[in-house]
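See below for the structure under consideration.
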Amino acid sequence: MLEANFKEVYEKFELQFFRKVFEQVRERDGSLSAMEAFSVEVIYLLHEPTVGQFADFLNISQSNATYKVNNLIKKGYIERQNSQTDRREYHLVLSEKFLNYVGLFNSYERAVMQRIEERFPEEEVQIFDKILRVMSDELMPETDS
């Protein structure tokens, strides 16, 4: 029961995410392809990675990652920022254009969280929050960046 319910919720978030991706992916100058949309989402979720960290996470070559990054920079979704500790290294940071784009995705998550807070008593929301925190911190080490 738990697994089926979790899978159902996860799939609904996925469906909403894909709907928004395909609403954004249009055949017009400067728009993202589906692969670029996924790439920029990974960069967003890795929190200012280097190109090497991006490549390692996706298990792709450095040259392939550099190609993807350069296209995203050219389209204005990300920017390079020199590292504070090593000036030879740079991090991938999100541009204002991307932040406007990602707001569309986060609005659904915010709506669901608001519905949870309206539907359940505070104590249950706190328990749910604790479960999510343990899941993220302890039960999903494969996704730690």
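Just remember, in the structure tokens the first chain shown is A, the second B, etc., residues are 1-based per chain, and ligands are 1-based in the order shown.
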
* If we count only C-alpha atoms, what is near stretch 43-52 of chain A at a cut-off of 7 Å, once residues fewer than 4 positions away on the same chain are taken out, given as an MDAnalysis selection string? -> chainID A and resid 39 56 62 65:66 90:93 145

* To do: List every residue of chain A that DSSP, applied to the backbone of this structure, assigns to strand (DSSP E or B), and report them as a list in words.
  => Ile78, Glu79, Arg80, Gln81, Asn82, Tyr90, His91, Leu92, Val93 and Leu94 of chain A

Save out the residues we just selected, C-alpha atoms, as a PDB file, in the first residue's frame.
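Output contents, as saved in result.pdb:
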```pdb
ATOM      1  CA  ILE A  78      22.765  29.739 -17.196  1.00  0.00           C
ATOM      2  CA  GLU A  79      25.972  31.718 -16.720  1.00  0.00           C
ATOM      3  CA  ARG A  80      29.539  30.907 -15.745  1.00  0.00           C
ATOM      4  CA  GLN A  81      30.823  32.344 -12.488  1.00  0.00           C
ATOM      5  CA  ASN A  82      34.445  32.087 -11.364  1.00  0.00           C
ATOM      6  CA  TYR A  90      33.942  28.200 -12.649  1.00  0.00           C
ATOM      7  CA  HIS A  91      30.461  27.260 -11.464  1.00  0.00           C
ATOM      8  CA  LEU A  92      27.243  27.137 -13.409  1.00  0.00           C
ATOM      9  CA  VAL A  93      24.760  29.640 -12.012  1.00  0.00           C
ATOM     10  CA  LEU A  94      21.196  30.244 -13.014  1.00  0.00           C
TER      11      LEU A  94
END
```

Tell me, counting only C-alpha atoms, for each residue of stretch 110-131 of chain A within 10 Å of stretch 135-144 of chain A, which pair of atoms is nearest and how far apart they are in Å to one decimal, in rows ordered by chain and increasing number, as JSON lines.
```
{"residue": "A:Asp129", "atom": "CA", "partner": "A:Met135", "partner_atom": "CA", "distance": 9.8}
{"residue": "A:Lys130", "atom": "CA", "partner": "A:Met135", "partner_atom": "CA", "distance": 8.5}
{"residue": "A:Ile131", "atom": "CA", "partner": "A:Met135", "partner_atom": "CA", "distance": 6.1}
```

* Work out how far apart atom CA of A:Asn71 and atom CA of A:Leu32 are and give it in Å to one decimal. =>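 Between atom CA of A:Asn71 and atom CA of A:Leu32 the gap is 9.4 Å.
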
* Atom pair atom CA of A:Glu118 / atom CA of A:Gln16: separation (Å) ->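 One can read the atom CA of A:Glu118 to atom CA of A:Gln16 distance as 21.1 Å.
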
* To do: Could you jot down the atom CA of A:Leu99 to atom CA of A:Gly76 separation for me, Å, one decimal place?
  =>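 Result for atom CA of A:Leu99 versus atom CA of A:Gly76: 11.0 Å, one decimal.
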
* Which is closer to A:Val112 than all the others in A:Val9, A:Leu15, A:Ile127, A:Ala4, using only C-alpha atoms? ->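 With only C-alpha atoms as the atom set, the closest residue is A:Val9.
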